[in-house]
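Some notes on the structure that comes next.
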Amino acid sequence: MHRLTMSENRQSAPLRECENSRMELPDREICYRALESRDPRFDGLLFVGVTSTGIYCRPICPARTAKFENCRFFGSAAAAQESGFRPCLRCRPETAPDMASWRGTSNTVSRALALINDGALDGNGASVEVLAERLGVGERQLRRLFLQHLGASPIAVAQTRRVLFAKQLIHETRMPLTEIAMAAGFGSVRRFNETFRDLFHRPPGALRRKNLVPDPALNAGVTLRVRYRPPYDWESTLAHLEARAIPGVEVVENGRYHRTVEVSGVTGSVEVVHLPRRQSLSITIRFPNVQALPAIVARVRRLFDTGADIGTIDAHLSRDPRLAPLVARRPGLRAPGGWDGFELAVRAILGQQVSVAAARRLGGQLVALYGRPVTQEFAGHPQLSHVFPSAERITAAERIEVGMPDARRLSLKAMAEASAADPNLFRPFGTIEEAILRLRAIRGVGEWTAQYIALRALRETDAFPASDIGLLRGAEMVDGVRSTSSGLLDRAEFWRPWRAYAAQHLWAVAASGIGNERSASAYA
Ligand SMILES: [Zn+2]
């Protein structure tokens, strides 16, 4: 199989600086070849601006390929837009898979992008200076890192995000334009109109399909598509979520995932379904406050791991002859993220020493006791009744009345206190080793729990809870011999920096009960 990925190009192809920034891209010839062949593996990683039209496209654009000398290549939509190109109305760059978290190795940039997605640069009083302060770096350093990894400034990234999100809402939903302006973070309808006139030379409404009638009833839901890079093993992700679905908060039914949502004290719900032919997930959000939409979409992306450069990961893991059959059996297997850092940490504590089913029951008890009821109008499913309890509510509880040993109840309480005290506890900050140390400082959090939280909540692609009983069982089924956690750790060295995905494959093997067909003696 031909495996030409951006990361491999970076090693093998001569690097050159992007024309308008200091960002590194593959050679122009390679970029152009990707464009000519409409190579989907570059979708989300590469954008082309055409100087003769002033439009920028995804590499898969169905339009006729522009002449080589008219093409300028960019690593992000923001970089293309900052150079004066406007988004193509055919290939719609706003629907490219969001690969932002895969850019380079800068934790600071990843964290900054997460904060920008949550609206850190929207509204009055928001500034790059304040953002840099929250990240613990200088403003100049932050600008330099953005230029290096994204080829655009933080403000340009935020503006592009607003425009592209608004454009997606205009195309795909029936939301009134005034609400789209708010949802996308423009702050005012006037600024929204001005931006669209500058960029597209027409008002936002002119981009809307003629037969689309705006529907202001928000509890009917806003439905959007989130694209991923194929393959995507939807069945495994859904099975993972179904096995852990907490009663009242989550329901998996008829191939759909439903859950309650709380953002800044307001409650609602989401519903997610797979559209394999469109290589997308369809998300329906029922929420009274439209300004929370970008943050909710970001959470869905995290939960379903839609940003993974899965081709690179599968190719790397397949180099291990014993993992290769697993990858072949489940191509596109994702490492689901946590919906919320605190919720995930609580799930990890509830799951210590007990089965997945038992942890799920404990989660149900906790929600029934401490979860707030969801606004029924926005629940979207009759079985959705509560939101997951916040750290503040657990902290305020006198005693955690859930059926588990005292040590674990105290640990739950300590986790709630640590989370309430440090809003950055579950944001990737520094190295994975530092994150593990930070988590292990919390009462009752050992290596397994810390690694599990890092994997799911911090989205550390290299986290690996080696002592996990399911992982050890999976490894035994693959290797045909019993595994110890130190032995497994040694083996896992080869899987770096994607150990979380190797873990997901081993868990899947353990859960299915089907290991490699070959017997142990084949490896003796
Ligand atoms: Zn296009």
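Scheme for the structure tokens: letters A, B, ... for chains in order shown; per-chain residue numbers from 1; ligand numbers from 1 in order shown.
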
(message) List as a PyMOL selection string the protein and nucleic acid residues lying within 10 Å of ligand 1, with only C-alpha atoms and all ligand atoms counted.
(response) chain A and resi 47-50+55-65+87-93

(request) From a DSSP pass on the backbone, collect the residues of stretch 460-511 of chain A flagged as helix (DSSP H, G or I) and hand them back as a ChimeraX atom specification. (result) /A:469-479,485-495,499-511

Those selected residues, please, written with C-alpha atoms and delivered as a CSV table (one decimal), in the first residue's frame.
```csv
chain,number,residue,atom,x,y,z
A,469,ILE,CA,-6.2,-6.1,33.7
A,470,GLY,CA,-7.9,-5.8,30.3
A,471,LEU,CA,-4.7,-4.7,28.6
A,472,LEU,CA,-2.8,-7.7,30.2
A,473,ARG,CA,-5.5,-10.1,29.1
A,474,GLY,CA,-5.5,-8.6,25.5
A,475,ALA,CA,-1.7,-8.9,25.4
A,476,GLU,CA,-1.9,-12.5,26.5
A,477,MET,CA,-4.4,-13.3,23.8
A,478,VAL,CA,-2.2,-11.7,21.2
A,479,ASP,CA,1.1,-13.2,22.3
A,485,SER,CA,2.8,-5.0,33.4
A,486,SER,CA,6.6,-4.4,33.2
A,487,GLY,CA,6.9,-6.8,30.2
A,488,LEU,CA,4.0,-5.0,28.5
A,489,LEU,CA,5.7,-1.7,29.2
A,490,ASP,CA,8.8,-2.9,27.4
A,491,ARG,CA,6.9,-4.1,24.4
A,492,ALA,CA,4.9,-0.8,24.3
A,493,GLU,CA,8.1,1.1,23.6
A,494,PHE,CA,7.8,0.2,20.0
A,495,TRP,CA,4.3,1.6,19.8
A,499,ARG,CA,0.5,3.8,22.8
A,500,ALA,CA,-3.0,4.9,23.6
A,501,TYR,CA,-4.2,3.4,20.3
A,502,ALA,CA,-2.3,0.2,20.8
A,503,ALA,CA,-4.1,0.0,24.2
A,504,GLN,CA,-7.4,0.5,22.5
A,505,HIS,CA,-6.7,-2.5,20.2
A,506,LEU,CA,-5.7,-4.7,23.1
A,507,TRP,CA,-8.9,-3.7,25.0
A,508,ALA,CA,-10.9,-4.5,21.9
A,509,VAL,CA,-9.3,-8.0,21.7
A,510,ALA,CA,-9.9,-8.7,25.4
A,511,ALA,CA,-13.5,-7.6,25.1
```

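In this comparison, which uses only C-alpha atoms, the residue of A:Gln291, A:Asn211, A:Ser236, A:Ser37 approaching A:Ser512 most closely is A:Ser236.
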
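Around A:Glu82, within 7 Å and counting only C-alpha atoms, the residues found are Ala78, Ala79, Ala152 and Ala156 of chain A, once anything fewer than 3 positions away on its own chain is removed.
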
Since we have the selection now, will you write its residues out, keeping all heavy atoms, as a PDB file, in the first residue's frame?
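Dumped everything to selection.pdb:
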```
ATOM      1  N   ALA A  78      -6.629  29.168   8.441  1.00  0.00           N
ATOM      2  CA  ALA A  78      -6.356  30.519   8.937  1.00  0.00           C
ATOM      3  C   ALA A  78      -5.220  31.179   8.160  1.00  0.00           C
ATOM      4  O   ALA A  78      -5.269  32.373   7.857  1.00  0.00           O
ATOM      5  CB  ALA A  78      -6.034  30.474  10.428  1.00  0.00           C
ATOM      6  N   ALA A  79      -4.190  30.396   7.828  1.00  0.00           N
ATOM      7  CA  ALA A  79      -3.049  30.962   7.095  1.00  0.00           C
ATOM      8  C   ALA A  79      -3.483  31.401   5.699  1.00  0.00           C
ATOM      9  O   ALA A  79      -3.051  32.446   5.203  1.00  0.00           O
ATOM     10  CB  ALA A  79      -1.916  29.932   7.015  1.00  0.00           C
ATOM     11  N   ALA A 152      -0.210  31.237  11.083  1.00  0.00           N
ATOM     12  CA  ALA A 152      -1.145  32.357  11.241  1.00  0.00           C
ATOM     13  C   ALA A 152      -1.121  32.836  12.687  1.00  0.00           C
ATOM     14  O   ALA A 152      -0.704  32.103  13.584  1.00  0.00           O
ATOM     15  CB  ALA A 152      -2.554  31.918  10.866  1.00  0.00           C
ATOM     16  N   ALA A 156      -5.996  35.698  13.859  1.00  0.00           N
ATOM     17  CA  ALA A 156      -6.448  35.196  12.553  1.00  0.00           C
ATOM     18  C   ALA A 156      -7.088  33.820  12.699  1.00  0.00           C
ATOM     19  O   ALA A 156      -8.081  33.512  12.042  1.00  0.00           O
ATOM     20  CB  ALA A 156      -5.275  35.122  11.573  1.00  0.00           C
TER      21      ALA A 156
END
```

(message) When you look at A:Ala158 with a cut-off of 12 Å (counting only C-alpha atoms), what residues show up, excluding the ones that are within fewer than 6 positions of it in the same chain? I need them as a ChimeraX atom specification.
(response) /A:77-79,81-82,112-123,126-128,131,146,152,164-165,184-186,294

Write out as JSON lines the residues of stretch 395-472 of chain A that have any atom within 12 Å of an atom of stretch 381-389 of chain A, one row each with the nearest atom pair and its distance in Å to one decimal, counting only C-alpha atoms, sorted by chain and then rising number.
```
{"residue": "A:Thr395", "atom": "CA", "partner": "A:Pro389", "partner_atom": "CA", "distance": 10.2}
{"residue": "A:Ala396", "atom": "CA", "partner": "A:Pro389", "partner_atom": "CA", "distance": 11.0}
{"residue": "A:Ala397", "atom": "CA", "partner": "A:Pro389", "partner_atom": "CA", "distance": 10.8}
{"residue": "A:Ile400", "atom": "CA", "partner": "A:Pro389", "partner_atom": "CA", "distance": 12.0}
{"residue": "A:Leu412", "atom": "CA", "partner": "A:Pro389", "partner_atom": "CA", "distance": 11.9}
{"residue": "A:Ala416", "atom": "CA", "partner": "A:Pro389", "partner_atom": "CA", "distance": 10.1}
```

Please report, as a compact mmCIF listing (two decimals) with N, CA and C atoms, in the first residue's frame, each residue of stretch 46-82 of chain A to which DSSP assigns strand (DSSP E or B) when run on this structure's backbone.
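So the final result, stored in selection17.txt, reads:
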```txt
# COMPACT_ATOMS: atom_id res chain seq x y z
N LEU A 46 -3.65 20.35 4.56
CA LEU A 46 -3.13 21.18 3.48
C LEU A 46 -4.27 21.96 2.84
N PHE A 47 -4.01 23.25 2.58
CA PHE A 47 -5.00 24.08 1.89
C PHE A 47 -4.27 24.78 0.76
N VAL A 48 -4.98 24.99 -0.38
CA VAL A 48 -4.32 25.63 -1.51
C VAL A 48 -5.05 26.93 -1.85
N GLY A 49 -4.28 28.02 -1.94
CA GLY A 49 -4.83 29.29 -2.37
C GLY A 49 -4.50 29.48 -3.84
N VAL A 50 -5.49 29.86 -4.64
CA VAL A 50 -5.26 30.03 -6.08
C VAL A 50 -5.20 31.52 -6.38
N ILE A 55 -9.33 32.40 -4.26
CA ILE A 55 -10.09 31.43 -3.47
C ILE A 55 -9.15 30.37 -2.91
N TYR A 56 -9.44 29.89 -1.69
CA TYR A 56 -8.66 28.76 -1.20
C TYR A 56 -9.54 27.54 -1.03
N CYS A 57 -8.92 26.36 -1.23
CA CYS A 57 -9.63 25.08 -1.33
C CYS A 57 -8.99 24.02 -0.46
N CYS A 71 -0.62 28.30 -7.63
CA CYS A 71 -0.97 27.69 -6.34
C CYS A 71 -0.04 28.16 -5.23
N ARG A 72 -0.67 28.51 -4.11
CA ARG A 72 0.11 28.74 -2.90
C ARG A 72 -0.43 27.78 -1.84
N PHE A 73 0.50 27.16 -1.09
CA PHE A 73 0.07 26.10 -0.17
C PHE A 73 0.16 26.58 1.27
N PHE A 74 -0.83 26.16 2.06
CA PHE A 74 -0.92 26.56 3.46
C PHE A 74 -1.23 25.35 4.33
```

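Nearest residue to A:Asp305, choosing from A:Arg244, A:Arg277, A:Arg229, A:Arg408 and counting only C-alpha atoms: A:Arg229.
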
(request) Write out as a PyMOL selection string the residues lying within 8 Å of stretch 336-351 of chain A, counting only C-alpha atoms and excluding same-chain residues fewer than 5 positions away. (result) chain A and resi 237+299-300+302-305+356+358-359+362-363+388-391+408+411-412+415-416+419+426-427+445+449+452-453+455-459

Per residue of stretch 263-341 of chain A within 6 Å of stretch 222-226 of chain A, which atom pair is closest and at what distance in Å (one decimal), using only C-alpha atoms, listed by chain and increasing number, as CSV?
```
residue,atom,partner,partner_atom,distance
A:Ser280,CA,A:Val226,CA,5.2
A:Leu281,CA,A:Val226,CA,5.1
A:Ser282,CA,A:Arg225,CA,4.5
A:Ile283,CA,A:Leu224,CA,5.3
A:Thr284,CA,A:Thr223,CA,4.2
A:Ile285,CA,A:Val222,CA,5.2
```

Let's have the selection written as an mmCIF file, in the first residue's frame, with C-alpha atoms.
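result.cif was written with the following content:
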```cif
data_model
loop_
_atom_site.group_PDB
_atom_site.id
_atom_site.type_symbol
_atom_site.label_atom_id
_atom_site.label_comp_id
_atom_site.auth_asym_id
_atom_site.auth_seq_id
_atom_site.Cartn_x
_atom_site.Cartn_y
_atom_site.Cartn_z
ATOM 1 C CA SER A 280 -18.896 12.359 8.954
ATOM 2 C CA LEU A 281 -20.687 12.260 12.233
ATOM 3 C CA SER A 282 -23.993 14.073 12.380
ATOM 4 C CA ILE A 283 -24.514 15.938 15.652
ATOM 5 C CA THR A 284 -27.838 17.286 16.823
ATOM 6 C CA ILE A 285 -27.470 19.807 19.639
#
```

(request) Please provide the set of residues having any atom within 10 Å of A:Leu207, restricted to only C-alpha atoms, with same-chain residues fewer than 5 positions apart removed, written as an NGL selection string. (result) :A and (89 or 167 or 170-171 or 196 or 200 or 202)

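You will find atom CA of A:Pro465 at 8.1 Å from atom CA of A:Ala450.
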
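The coordinates place atom CA of A:Leu147 at 26.6 Å from atom CA of A:Arg38.
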